[in-house]
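Q: What follows is the file input.txt, containing compact mmCIF, C-alpha atoms:
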# COMPACT_ATOMS: atom_id res chain seq x y z
CA MET A 1 0.00 0.00 0.00
CA ALA A 2 1.45 3.31 -1.12
CA ASP A 3 2.01 6.28 1.13
CA LYS A 4 -0.84 8.67 1.49
CA LEU A 5 -1.19 12.37 1.10
CA HIS A 6 -1.97 14.32 4.23
CA PHE A 7 -4.92 16.52 3.42
CA GLU A 8 -6.46 19.29 5.50
CA LEU A 9 -9.49 21.35 4.66
CA VAL A 10 -10.08 24.36 6.87
CA SER A 11 -12.66 27.11 6.80
CA PRO A 12 -12.44 30.22 8.97
CA GLU A 13 -14.91 28.70 11.40
CA ARG A 14 -13.39 25.28 11.80
CA LEU A 15 -11.18 22.45 10.64
CA LEU A 16 -13.41 20.43 8.34
CA MET A 17 -11.19 17.58 7.38
CA SER A 18 -7.80 16.29 8.36
CA GLU A 19 -6.94 12.86 7.04
CA ASP A 20 -4.61 10.83 4.89
CA VAL A 21 -6.01 10.27 1.42
CA ASP A 22 -4.96 8.93 -1.97
CA MET A 23 -5.59 11.97 -4.11
CA VAL A 24 -7.35 15.31 -4.03
CA VAL A 25 -8.55 17.19 -7.10
CA VAL A 26 -8.47 20.91 -6.40
CA PRO A 27 -10.43 23.49 -8.40
CA GLY A 28 -7.59 25.92 -9.03
CA VAL A 29 -8.18 29.29 -10.58
CA GLU A 30 -6.26 28.21 -13.67
CA GLY A 31 -7.85 24.79 -13.89
CA ASP A 32 -8.36 21.72 -11.77
CA PHE A 33 -5.30 19.91 -10.59
CA GLY A 34 -4.87 16.60 -8.86
CA VAL A 35 -2.54 16.34 -5.90
CA LEU A 36 -0.88 13.06 -5.01
CA ILE A 37 1.82 12.36 -2.49
CA ASN A 38 5.17 14.03 -3.21
CA HIS A 39 3.59 16.74 -5.30
CA ALA A 40 5.83 19.74 -5.95
CA PRO A 41 5.15 22.73 -3.68
CA VAL A 42 2.38 24.90 -5.10
CA VAL A 43 0.30 27.79 -3.90
CA SER A 44 -2.85 28.41 -5.87
CA THR A 45 -6.00 30.41 -5.46
CA LEU A 46 -9.27 28.55 -5.72
CA ARG A 47 -12.29 29.23 -7.83
CA THR A 48 -15.76 28.24 -6.77
CA GLY A 49 -16.00 24.62 -7.68
CA ILE A 50 -15.96 21.02 -6.65
CA LEU A 51 -13.15 19.54 -4.64
CA GLU A 52 -12.78 15.77 -5.00
CA VAL A 53 -11.28 13.73 -2.24
CA HIS A 54 -10.26 10.30 -3.46
CA ASN A 55 -9.78 7.69 -0.88
CA GLU A 56 -10.90 4.09 -0.79
CA GLY A 57 -14.26 3.83 -2.48
CA ALA A 58 -16.16 6.59 -4.25
CA PRO A 59 -14.63 10.08 -4.14
CA GLU A 60 -16.10 12.54 -1.68
CA LEU A 61 -17.30 15.73 -3.33
CA LEU A 62 -17.20 19.09 -1.60
CA LEU A 63 -18.30 22.48 -2.78
CA VAL A 64 -15.68 25.12 -2.04
CA ARG A 65 -15.75 28.85 -2.59
CA GLY A 66 -12.86 31.26 -2.40
CA GLY A 67 -9.55 30.62 -0.75
CA PHE A 68 -6.22 28.95 -1.35
CA ALA A 69 -4.57 25.61 -1.70
CA GLU A 70 -1.06 25.08 -0.52
CA VAL A 71 1.03 22.01 -1.24
CA ASN A 72 4.22 21.59 0.73
CA PRO A 73 6.25 18.53 1.73
CA GLU A 74 3.94 18.05 4.69
CA GLY A 75 0.86 17.67 2.53
CA LEU A 76 -1.99 19.64 1.05
CA THR A 77 -3.84 22.36 2.91
CA VAL A 78 -6.94 23.93 1.46
CA LEU A 79 -8.03 27.18 3.05
CA ALA A 80 -11.56 27.71 1.83
CA GLU A 81 -13.69 30.66 2.69
CA GLU A 82 -16.69 28.38 2.46
CA ALA A 83 -16.84 24.61 2.14
CA MET A 84 -19.63 22.10 2.40
CA LEU A 85 -20.32 18.55 1.38
CA LEU A 86 -22.04 18.47 -1.96
CA SER A 87 -24.66 16.13 -0.52
CA ASP A 88 -25.43 18.73 2.16
CA VAL A 89 -26.08 21.48 -0.34
CA ASP A 90 -29.73 22.40 -0.29
CA ARG A 91 -30.43 23.58 -3.78
CA PRO A 92 -34.06 24.74 -3.37
CA ALA A 93 -33.02 26.77 -0.31
CA LEU A 94 -30.23 28.39 -2.31
CA GLU A 95 -32.67 29.25 -5.06
CA VAL A 96 -34.97 30.91 -2.56
CA ASP A 97 -31.96 32.81 -1.21
CA LEU A 98 -31.10 33.92 -4.73
CA LYS A 99 -34.61 35.16 -5.28
CA ASN A 100 -34.42 37.15 -2.06
CA ALA A 101 -31.00 38.46 -3.00
CA ASN A 102 -32.35 39.66 -6.34
CA GLU A 103 -35.11 41.48 -4.52
CA ASP A 104 -32.56 43.00 -2.15
CA VAL A 105 -30.59 44.28 -5.11
CA ALA A 106 -33.75 45.84 -6.51
CA ASP A 107 -34.72 47.33 -3.15
CA ALA A 108 -31.31 48.63 -2.10
CA LYS A 109 -31.63 52.21 -0.89
CA ASP A 110 -28.03 53.34 -0.77
CA GLU A 111 -24.73 52.32 -2.23
CA ALA A 112 -23.57 50.28 0.75
CA GLN A 113 -26.76 48.24 0.72
CA LEU A 114 -26.48 47.70 -2.99
CA ARG A 115 -22.90 46.54 -2.70
CA GLU A 116 -23.83 44.15 0.08
CA ALA A 117 -26.80 42.77 -1.84
CA ASN A 118 -24.76 42.37 -5.00
CA LYS A 119 -22.14 40.46 -3.10
CA THR A 120 -24.67 38.03 -1.71
CA ARG A 121 -26.22 37.58 -5.10
CA ASP A 122 -22.93 36.99 -6.89
CA ARG A 123 -22.00 34.41 -4.33
CA LEU A 124 -25.24 32.52 -4.85
CA VAL A 125 -25.02 32.78 -8.63
CA GLU A 126 -21.51 31.33 -8.49
CA ILE A 127 -22.56 28.43 -6.32
CA LEU A 128 -25.61 27.65 -8.40
CA GLY A 129 -23.49 27.83 -11.54
CA VAL A 130 -21.23 25.13 -10.16
CA LEU A 131 -24.22 23.03 -9.18
CA ASP A 132 -25.54 23.28 -12.75
CA LEU A 133 -22.27 21.90 -14.06
CA VAL A 134 -22.39 18.95 -11.71
CA ALA A 135 -26.02 18.08 -12.27
CA MET B 136 -29.12 50.18 66.64
CA ALA B 137 -30.58 49.18 63.31
CA ASN B 138 -34.07 47.94 63.64
CA LEU B 139 -35.04 44.39 62.88
CA LYS B 140 -37.28 45.11 59.94
CA ASP B 141 -34.56 47.10 58.12
CA LEU B 142 -32.08 44.30 58.62
CA ARG B 143 -34.52 41.75 57.29
CA ASN B 144 -35.12 43.86 54.20
CA ARG B 145 -31.45 44.25 53.58
CA ILE B 146 -30.87 40.52 53.86
CA THR B 147 -33.60 39.80 51.32
CA SER B 148 -32.24 42.40 48.93
CA VAL B 149 -28.69 41.04 49.10
CA GLN B 150 -30.08 37.56 48.65
CA SER B 151 -31.86 38.51 45.45
CA THR B 152 -28.71 40.21 44.17
CA GLN B 153 -26.85 37.03 44.89
CA LYS B 154 -29.36 35.03 42.91
CA ILE B 155 -28.85 37.30 39.92
CA THR B 156 -25.07 37.19 40.04
CA LYS B 157 -25.17 33.44 40.44
CA ALA B 158 -27.42 33.07 37.40
CA MET B 159 -25.17 35.39 35.40
CA LYS B 160 -22.16 33.36 36.38
CA MET B 161 -23.76 30.17 35.17
CA VAL B 162 -24.88 31.74 31.91
CA ALA B 163 -21.38 33.11 31.36
CA ALA B 164 -19.89 29.71 32.07
CA SER B 165 -21.97 28.01 29.42
CA LYS B 166 -21.39 30.82 26.92
CA LEU B 167 -17.71 30.67 27.67
CA ARG B 168 -17.59 27.02 26.74
CA ARG B 169 -19.16 27.76 23.39
CA ALA B 170 -17.01 30.81 22.74
CA GLN B 171 -13.91 28.89 23.63
CA GLU B 172 -14.81 26.08 21.26
CA ALA B 173 -15.40 28.59 18.49
CA ALA B 174 -12.07 30.27 19.15
CA GLU B 175 -10.26 26.97 19.11
CA ALA B 176 -12.02 25.83 15.94
CA ALA B 177 -10.90 28.99 14.16
CA ARG B 178 -7.29 28.54 15.16
CA PRO B 179 -6.18 26.06 12.45
CA TYR B 180 -7.31 28.34 9.64
CA ALA B 181 -5.56 31.37 11.04
CA GLU B 182 -2.40 29.37 11.68
CA ARG B 183 -2.27 27.86 8.20
CA MET B 184 -3.03 31.24 6.73
CA GLU B 185 -0.16 32.74 8.64
CA SER B 186 2.28 30.08 7.53
CA VAL B 187 1.28 30.47 3.86
CA LEU B 188 1.63 34.20 4.23
CA ALA B 189 4.96 33.86 5.99
CA SER B 190 6.43 31.69 3.26
CA LEU B 191 5.13 33.99 0.54
CA ALA B 192 6.24 37.11 2.31
CA SER B 193 9.71 35.80 3.05
CA SER B 194 10.18 35.01 -0.63
CA MET B 195 9.17 38.58 -1.40
CA VAL B 196 11.65 40.12 0.99
CA GLY B 197 13.95 42.56 -0.66
CA GLN B 198 11.80 42.93 -3.73
CA VAL B 199 10.65 46.41 -4.52
CA GLY B 200 7.02 47.20 -5.14
CA GLY B 201 5.43 44.50 -3.01
CA PRO B 202 1.76 44.95 -2.20
CA LYS B 203 1.02 47.93 0.00
CA LEU B 204 -0.69 45.83 2.65
CA LEU B 205 2.58 44.05 3.29
CA ALA B 206 5.15 46.72 2.58
CA GLY B 207 3.29 49.64 4.15
CA THR B 208 2.83 53.08 2.72
CA GLY B 209 6.39 54.01 3.49
CA LYS B 210 5.13 56.49 6.06
CA ASP B 211 4.43 56.18 9.73
CA HIS B 212 2.37 59.23 10.45
CA VAL B 213 -1.32 58.41 10.72
CA HIS B 214 -2.09 55.58 13.12
CA LEU B 215 -5.43 53.86 13.22
CA ILE B 216 -6.22 52.22 16.51
CA VAL B 217 -9.00 49.63 16.47
CA VAL B 218 -10.35 48.90 19.92
CA ALA B 219 -12.48 45.79 20.26
CA THR B 220 -14.57 45.61 23.43
CA SER B 221 -17.85 44.07 24.49
CA GLU B 222 -21.42 45.24 24.07
CA ARG B 223 -22.34 44.54 27.66
CA GLY B 224 -20.90 45.49 30.98
CA LEU B 225 -20.67 43.58 34.23
CA CYS B 226 -17.67 41.63 33.12
CA GLY B 227 -15.03 42.68 35.59
CA GLY B 228 -12.00 44.49 34.30
CA PHE B 229 -12.37 43.24 30.73
CA ASN B 230 -13.33 46.46 29.01
CA THR B 231 -11.36 48.69 31.35
CA ASN B 232 -8.17 46.78 30.68
CA ILE B 233 -8.50 46.90 26.92
CA VAL B 234 -9.32 50.59 26.98
CA LYS B 235 -6.43 51.23 29.33
CA GLY B 236 -4.03 49.49 26.95
CA ALA B 237 -5.36 51.45 24.00
CA ARG B 238 -5.26 54.71 25.91
CA GLN B 239 -1.59 54.27 26.78
CA LYS B 240 -0.74 53.60 23.16
CA ILE B 241 -2.80 56.55 21.97
CA ALA B 242 -1.21 58.89 24.50
CA LYS B 243 2.24 57.69 23.47
CA LEU B 244 1.54 58.19 19.78
CA ILE B 245 0.13 61.64 20.35
CA ALA B 246 3.18 62.54 22.42
CA GLU B 247 5.32 61.48 19.50
CA GLY B 248 3.42 63.88 17.31
CA LYS B 249 1.58 61.24 15.29
CA ASP B 250 -1.92 61.61 14.04
CA VAL B 251 -4.22 59.11 15.71
CA LYS B 252 -7.60 57.89 14.52
CA ILE B 253 -9.77 55.54 16.51
CA VAL B 254 -12.21 52.88 15.39
CA THR B 255 -14.26 51.11 18.02
CA ILE B 256 -15.99 47.77 17.99
CA GLY B 257 -18.50 47.26 20.78
CA LYS B 258 -20.17 50.07 22.67
CA LYS B 259 -18.42 49.73 26.03
CA GLY B 260 -15.05 50.81 24.76
CA ALA B 261 -16.59 53.48 22.56
CA GLY B 262 -18.29 55.01 25.59
CA SER B 263 -15.18 55.40 27.65
CA LEU B 264 -12.92 56.51 24.81
CA ARG B 265 -15.41 59.11 23.66
CA ARG B 266 -14.79 61.06 26.85
CA ASN B 267 -11.23 61.98 25.92
CA TYR B 268 -10.89 61.34 22.24
CA SER B 269 -14.27 62.03 20.70
CA SER B 270 -12.71 64.16 17.95
CA ARG B 271 -10.47 61.30 16.90
CA MET B 272 -13.11 58.61 16.66
CA VAL B 273 -13.79 57.94 13.01
CA LYS B 274 -16.01 54.89 13.04
CA HIS B 275 -17.94 52.61 15.35
CA PHE B 276 -19.07 49.06 14.70
CA ASP B 277 -22.10 47.87 16.59
CA MET B 278 -21.98 44.17 17.32
CA SER B 279 -25.06 43.99 19.54
CA HIS B 280 -27.10 42.19 16.88
CA VAL B 281 -24.56 39.38 16.69
CA LYS B 282 -25.62 36.32 18.61
CA ARG B 283 -23.12 33.85 17.34
CA LEU B 284 -20.08 35.31 15.73
CA SER B 285 -19.50 34.12 12.17
CA TYR B 286 -16.85 35.01 9.63
CA GLY B 287 -19.36 37.24 7.86
CA ASP B 288 -19.68 39.46 10.93
CA ALA B 289 -16.05 40.45 10.64
CA ALA B 290 -16.38 41.30 6.95
CA PRO B 291 -17.74 44.88 7.30
CA ILE B 292 -14.82 45.77 9.55
CA THR B 293 -12.32 44.29 7.11
CA ASP B 294 -13.96 46.07 4.17
CA TYR B 295 -13.90 49.36 6.00
CA LEU B 296 -10.23 49.03 6.93
CA LEU B 297 -9.25 48.04 3.41
CA SER B 298 -11.05 50.87 1.72
CA ALA B 299 -9.78 53.41 4.25
CA TYR B 300 -6.26 52.12 3.70
CA ASP B 301 -6.66 52.32 -0.05
CA ASN B 302 -7.80 55.91 0.27
CA GLY B 303 -4.68 56.68 2.26
CA GLU B 304 -6.55 57.53 5.44
CA PHE B 305 -3.94 55.85 7.64
CA ASP B 306 -0.49 54.28 7.49
CA VAL B 307 -0.44 51.82 10.35
CA CYS B 308 -3.33 49.93 11.89
CA THR B 309 -3.16 48.31 15.32
CA LEU B 310 -5.91 46.24 16.89
CA PHE B 311 -6.48 46.03 20.64
CA TYR B 312 -8.27 43.03 22.05
CA ALA B 313 -8.02 40.59 24.94
CA LYS B 314 -6.43 37.29 24.16
CA PHE B 315 -8.11 34.44 25.96
CA GLN B 316 -5.84 32.40 28.14
CA SER B 317 -8.13 31.03 30.83
CA ALA B 318 -11.26 32.11 32.63
CA LEU B 319 -9.01 33.89 35.10
CA THR B 320 -6.51 35.53 32.79
CA GLN B 321 -7.07 37.49 29.64
CA ILE B 322 -4.16 39.28 28.09
CA VAL B 323 -4.66 42.64 26.45
CA THR B 324 -2.93 42.36 23.12
CA ALA B 325 -1.98 44.96 20.55
CA GLN B 326 -1.66 43.43 17.14
CA GLN B 327 -0.42 45.26 14.12
CA MET B 328 -2.77 44.46 11.25
CA ILE B 329 -1.54 46.76 8.51
CA PRO B 330 1.17 46.49 7.26
CA ALA B 331 0.75 42.76 7.83
CA SER B 332 3.04 41.28 10.41
CA TYR B 333 4.04 37.65 10.30
CA ASN B 334 6.26 35.29 12.15
CA ALA B 335 9.21 34.15 10.07
CA ASP B 336 9.51 31.00 12.20
CA ASN B 337 6.36 29.69 10.58
CA VAL B 338 7.98 29.22 7.22
CA VAL B 339 7.75 25.58 6.19
CA ASP B 340 11.00 24.12 5.01
CA LEU B 341 10.57 23.09 1.42
CA GLY B 342 13.69 21.00 1.39
CA GLY B 343 15.42 23.12 -1.21
CA GLY B 344 12.41 23.35 -3.55
CA ALA B 345 10.44 26.48 -4.25
CA TYR B 346 6.75 27.09 -4.58
CA ASP B 347 5.01 27.17 -7.89
CA TYR B 348 2.48 29.93 -7.96
CA GLU B 349 -0.82 29.80 -9.72
CA PRO B 350 -1.52 32.46 -10.98
CA ASP B 351 1.61 34.42 -10.03
CA GLU B 352 3.11 35.43 -6.73
CA THR B 353 1.95 39.01 -6.63
CA GLU B 354 -1.59 38.13 -7.54
CA ILE B 355 -1.77 35.51 -4.83
CA LEU B 356 -0.34 37.87 -2.29
CA GLU B 357 -2.81 40.51 -3.31
CA ALA B 358 -5.68 38.11 -2.78
CA LEU B 359 -4.23 36.62 0.36
CA LEU B 360 -3.43 39.78 2.29
CA PRO B 361 -6.99 41.14 2.54
CA ARG B 362 -8.21 37.69 3.44
CA ASN B 363 -5.55 37.40 6.08
CA LEU B 364 -6.71 40.68 7.53
CA GLY B 365 -10.25 39.36 7.69
CA VAL B 366 -9.13 36.18 9.36
CA GLN B 367 -7.05 38.04 11.93
CA ILE B 368 -9.96 40.29 12.79
CA PHE B 369 -12.33 37.37 12.99
CA ARG B 370 -9.94 35.54 15.23
CA SER B 371 -9.45 38.47 17.59
CA LEU B 372 -13.21 38.93 17.84
CA LEU B 373 -13.57 35.28 18.78
CA GLU B 374 -10.80 35.55 21.35
CA ASN B 375 -12.43 38.68 22.67
CA ALA B 376 -15.79 36.97 23.02
CA ALA B 377 -14.24 34.12 24.97
CA SER B 378 -12.32 36.56 27.14
CA GLU B 379 -15.44 38.56 27.84
CA GLN B 380 -17.35 35.53 29.06
CA GLY B 381 -14.39 34.31 31.07
CA SER B 382 -13.98 37.67 32.69
CA ARG B 383 -17.68 37.90 33.42
CA MET B 384 -17.72 34.47 34.93
CA THR B 385 -14.89 35.33 37.30
CA ALA B 386 -16.40 38.68 38.20
CA MET B 387 -19.81 37.19 38.88
CA ASP B 388 -18.28 34.39 40.90
CA SER B 389 -16.59 36.80 43.24
CA ALA B 390 -19.73 38.95 43.38
CA THR B 391 -21.70 35.89 44.44
CA ARG B 392 -19.14 35.10 47.10
CA ASN B 393 -19.15 38.69 48.34
CA ALA B 394 -22.91 38.65 48.58
CA GLY B 395 -22.66 35.43 50.60
CA GLU B 396 -20.25 37.04 53.05
CA MET B 397 -22.48 40.07 53.33
CA ILE B 398 -25.50 37.92 54.06
CA ASP B 399 -23.59 36.09 56.80
CA ALA B 400 -22.53 39.34 58.41
CA LEU B 401 -26.01 40.79 58.21
CA ARG B 402 -27.54 37.65 59.62
CA THR B 403 -25.18 37.73 62.63
CA THR B 404 -26.13 41.33 63.32
CA TYR B 405 -29.78 40.46 62.86
CA ASN B 406 -29.61 37.58 65.35
CA ARG B 407 -27.67 39.65 67.88
CA THR B 408 -30.16 42.49 67.61
CA ARG B 409 -33.05 40.10 67.99
CA GLN B 410 -31.51 38.61 71.12
CA ALA B 411 -30.78 42.05 72.51
CA VAL B 412 -34.39 43.05 71.98
CA ILE B 413 -35.63 39.93 73.79
CA THR B 414 -33.21 40.46 76.66
CA ASN B 415 -34.33 44.04 76.96
CA GLU B 416 -37.94 43.03 77.12
CA LEU B 417 -37.18 40.41 79.76
CA ILE B 418 -35.30 42.92 81.87
CA GLU B 419 -38.20 45.32 81.62
CA ILE B 420 -40.67 42.65 82.70
CA ILE B 421 -38.48 41.43 85.57
CA SER B 422 -37.68 44.89 86.86
CA GLY B 423 -41.37 45.76 86.55
CA ALA B 424 -42.28 42.69 88.61
CA GLU B 425 -39.61 43.48 91.22
CA ALA B 426 -40.84 47.03 91.62
CA LEU B 427 -44.22 45.78 92.76
Would it be possible to restate this file's structure as structure tokens?
A:
Amino acid sequence: MADKLHFELVSPERLLMSEDVDMVVVPGVEGDFGVLINHAPVVSTLRTGILEVHNEGAPELLLVRGGFAEVNPEGLTVLAEEAMLLSDVDRPALEVDLKNANEDVADAKDEAQLREANKTRDRLVEILGVLDLVA
Amino acid sequence: MANLKDLRNRITSVQSTQKITKAMKMVAASKLRRAQEAAEAARPYAERMESVLASLASSMVGQVGGPKLLAGTGKDHVHLIVVATSERGLCGGFNTNIVKGARQKIAKLIAEGKDVKIVTIGKKGAGSLRRNYSSRMVKHFDMSHVKRLSYGDAAPITDYLLSAYDNGEFDVCTLFYAKFQSALTQIVTAQQMIPASYNADNVVDLGGGAYDYEPDETEILEALLPRNLGVQIFRSLLENAASEQGSRMTAMDSATRNAGEMIDALRTTYNRTRQAVITNELIEIISGAEAL
């Protein structure tokens, strides 16, 4: 049995995953890349997308948004601003959120509100876009 | 001599105070546990972030034209002091200590002829700083609506700092908060946020290799630095929340104990007075009977 890659997924709120795995496919900003053990050191920014964790059995799929991946001799660390299991993603709820966000954009009274509403909306659009690709 | 009824009233009133402080202590204890967990859960992210930043920054050392957030504006004139305190009082010396730390720094900077601007988070610190420095206070963040601190709650503060920095409103930004050590000790900490500070010891040894950057180094740094700022702020707010609850727990614990001592003392006086009254009455009756 070959050596395994040490993989850690952290979000600002908590450490989501810390285990030894076979391979991780990271959605880098310039394209997806797979990381195996003894990968050369890389720092890459992430785009909103699907992170695949390959270990025994079917790969685990996670939705990540914003952040960085760092590969060093100790392993792979993904710092995601947001991360959730794809199976936990509640698509209808997100669509409701998007609808609300669109209304917020329309209702925004000043610039700060508009900026805030736009940010929320863009975030939801990005996530839903990724979900469309997967479905 | 105090009369019996007054004493009784005072005992009841101290007892009800004790009940309140005891309840507050228990609430603080349970909130502390949650706040502490949150602070600990956020630690890995901040640590990894710092080590990535440290390795990037150390590879940038000596290069001209690094991002402003790392290299600074090249000036050291306008200082922005961010003071993070709590929204509620009754938490011992928590707010006072933070404000005291900030005050010393502000006084020192002013004495050195620097321009000082103040941003406050949480109304307790804002209240006591306003007394001396109201003309210097540029912004206040109200956190009273926040029940459970999430990363998003720190975002408005980060955004504000970034845009103010971009507009050249300050050169150096320092954040004051209380680092949580235990329920008994919280350490007032001044952390320089802008230009970003990092610990060079955190650099991971690559064994002779060098990082590949995707896209390139500068772009990553430019994306990473604002995020790092956000994470640092988020982390200090979490630490602060844990410190606040810890401090409140300790304060309420000693208040409960004080109330207990007070009740004991009052009860002794009460019993003595009661006995004295009875003795007096007996003497009156006996001397009345003897006089006959």
Q: Name the closest residue to Glu70 of chain A among the candidates A:Val43, A:Val10, A:Lys109, A:Leu131; distances are taken between atoms, counting only C-alpha atoms.
A: A:Val43
Q: Any idea what's packed within 8 Å of segment 251-267 of chain B, counting all atoms listed in the file, ignoring anything in its chain fewer than 4 positions away? Could you give it as a ChimeraX atom specification?
A: /B:213-224,230-231,233-234,238,241,244-245,271-279
Q: Find the residues of chain B in contact range of chain A, meaning any atom within 9 Å when counting all atoms listed in the file, and list them as a PyMOL selection string.
A: chain B and resi 173-181+183-184+187+285-286+339-342+344-352+355+358-359+362+366+369-370
Q: Calculated over only C-alpha atoms, which of the candidates A:Thr120, A:Phe33, A:Val89, A:Arg47 has the smallest distance to Glu103 of chain A?
A: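 Closest residue, counting only C-alpha atoms: A:Thr120.
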Q: Figure out the distance between atom CA of Lys282 of chain B and atom CA of Asn100 of chain A, please, to one decimal in Å.
A: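 It comes out at 22.5 Å.
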Q: Considering all atoms listed in the file, return as a ChimeraX atom specification whatever protein or nucleic-acid residues lie within 8 Å of Gly49 of chain A, sequence-local ones (same chain, fewer than 2 positions apart) excluded.
A: /A:27,47,51,63-65,127,130
Q: Determine the nearest neighbour of Leu5 of chain A from the options A:Gly129, A:Pro92, A:Gly57, A:Gly75, counting all atoms listed in the file.
A: A:Gly75
Q: Find the residues near Asp97 of chain A: any atom within 12 Å, counting only C-alpha atoms, skip ones fewer than 3 places away on the same chain, and give them as a ChimeraX atom specification.
A: /A:90-94,100-104,117,120-125,127-128
Q: What is the distance, in Å and to one decimal place, between atom CA of Ala192 of chain B and atom CA of Glu304 of chain B?
A: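 About the pair atom CA of Ala192 of chain B and atom CA of Glu304 of chain B: they are 24.3 Å apart.
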Q: Need the shell around Thr404 of chain B: protein/DNA/RNA residues with any atom at most 12 Å away, counting all atoms listed in the file. Skip same-chain ones fewer than 6 positions apart. Format as JSON, numbers by chain?
A: {"B": [136, 137, 138, 139, 141, 142, 143, 145, 146, 397, 398, 410, 411]}
Q: Go ahead and compute the interatomic distance for atom CA of Asn38 of chain A and atom CA of Phe7 of chain A, in Å to one decimal.
A: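 Spanning atom CA of Asn38 of chain A to atom CA of Phe7 of chain A is a straight-line distance of 12.3 Å.
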Q: Can you list, as an mmCIF file with C-alpha atoms, in the coordinates of the input, every protein, DNA or RNA residue that comes within 9 Å of segment 373-387 of chain B when you count all atoms listed in the file, leaving out same-chain residues fewer than 2 positions away?
A:
data_model
loop_
_atom_site.group_PDB
_atom_site.id
_atom_site.type_symbol
_atom_site.label_atom_id
_atom_site.label_comp_id
_atom_site.auth_asym_id
_atom_site.auth_seq_id
_atom_site.Cartn_x
_atom_site.Cartn_y
_atom_site.Cartn_z
ATOM 1 C CA THR B 156 -25.070 37.190 40.040
ATOM 2 C CA LYS B 157 -25.170 33.440 40.440
ATOM 3 C CA ALA B 158 -27.420 33.070 37.400
ATOM 4 C CA MET B 159 -25.170 35.390 35.400
ATOM 5 C CA LYS B 160 -22.160 33.360 36.380
ATOM 6 C CA MET B 161 -23.760 30.170 35.170
ATOM 7 C CA VAL B 162 -24.880 31.740 31.910
ATOM 8 C CA ALA B 163 -21.380 33.110 31.360
ATOM 9 C CA ALA B 164 -19.890 29.710 32.070
ATOM 10 C CA SER B 165 -21.970 28.010 29.420
ATOM 11 C CA LYS B 166 -21.390 30.820 26.920
ATOM 12 C CA LEU B 167 -17.710 30.670 27.670
ATOM 13 C CA ARG B 168 -17.590 27.020 26.740
ATOM 14 C CA ARG B 169 -19.160 27.760 23.390
ATOM 15 C CA ALA B 170 -17.010 30.810 22.740
ATOM 16 C CA GLN B 171 -13.910 28.890 23.630
ATOM 17 C CA GLU B 172 -14.810 26.080 21.260
ATOM 18 C CA ALA B 173 -15.400 28.590 18.490
ATOM 19 C CA ALA B 174 -12.070 30.270 19.150
ATOM 20 C CA GLU B 175 -10.260 26.970 19.110
ATOM 21 C CA ALA B 177 -10.900 28.990 14.160
ATOM 22 C CA ALA B 219 -12.480 45.790 20.260
ATOM 23 C CA THR B 220 -14.570 45.610 23.430
ATOM 24 C CA SER B 221 -17.850 44.070 24.490
ATOM 25 C CA GLY B 224 -20.900 45.490 30.980
ATOM 26 C CA LEU B 225 -20.670 43.580 34.230
ATOM 27 C CA CYS B 226 -17.670 41.630 33.120
ATOM 28 C CA GLY B 227 -15.030 42.680 35.590
ATOM 29 C CA GLY B 228 -12.000 44.490 34.300
ATOM 30 C CA PHE B 229 -12.370 43.240 30.730
ATOM 31 C CA ASN B 230 -13.330 46.460 29.010
ATOM 32 C CA LEU B 284 -20.080 35.310 15.730
ATOM 33 C CA SER B 285 -19.500 34.120 12.170
ATOM 34 C CA TYR B 312 -8.270 43.030 22.050
ATOM 35 C CA ALA B 313 -8.020 40.590 24.940
ATOM 36 C CA LYS B 314 -6.430 37.290 24.160
ATOM 37 C CA PHE B 315 -8.110 34.440 25.960
ATOM 38 C CA GLN B 316 -5.840 32.400 28.140
ATOM 39 C CA SER B 317 -8.130 31.030 30.830
ATOM 40 C CA ALA B 318 -11.260 32.110 32.630
ATOM 41 C CA LEU B 319 -9.010 33.890 35.100
ATOM 42 C CA THR B 320 -6.510 35.530 32.790
ATOM 43 C CA GLN B 321 -7.070 37.490 29.640
ATOM 44 C CA ILE B 322 -4.160 39.280 28.090
ATOM 45 C CA ILE B 368 -9.960 40.290 12.790
ATOM 46 C CA PHE B 369 -12.330 37.370 12.990
ATOM 47 C CA ARG B 370 -9.940 35.540 15.230
ATOM 48 C CA SER B 371 -9.450 38.470 17.590
ATOM 49 C CA SER B 389 -16.590 36.800 43.240
ATOM 50 C CA ALA B 390 -19.730 38.950 43.380
ATOM 51 C CA THR B 391 -21.700 35.890 44.440
ATOM 52 C CA ARG B 392 -19.140 35.100 47.100
#
Q: Within 7 Å of (-9.5, 19.4, -4.3) in the file's own coordinates, which protein, DNA or RNA residues have an atom, counting only C-alpha atoms? List them as a tab-separated table (two decimals) with C-alpha atoms, keeping the file's coordinate frame.
A:
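Just written: out35.tsv:
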chain	number	residue	atom	x	y	z
A	24	VAL	CA	-7.35	15.31	-4.03
A	25	VAL	CA	-8.55	17.19	-7.10
A	26	VAL	CA	-8.47	20.91	-6.40
A	27	PRO	CA	-10.43	23.49	-8.40
A	51	LEU	CA	-13.15	19.54	-4.64
A	52	GLU	CA	-12.78	15.77	-5.00
A	53	VAL	CA	-11.28	13.73	-2.24
Q: Determine the nearest neighbour of Met17 of chain A from the options A:Ile50, A:Ala58, A:Leu76, A:Leu133, counting all atoms listed in the file.
A: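 Using all atoms listed in the file, the shortest distance to Met17 of chain A belongs to A:Leu76.
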Q: Could you check which of B:Ala426, B:Val412, B:Ala394, B:Ile421 is closest to Thr152 of chain B, using all atoms listed in the file?
A: B:Ala394
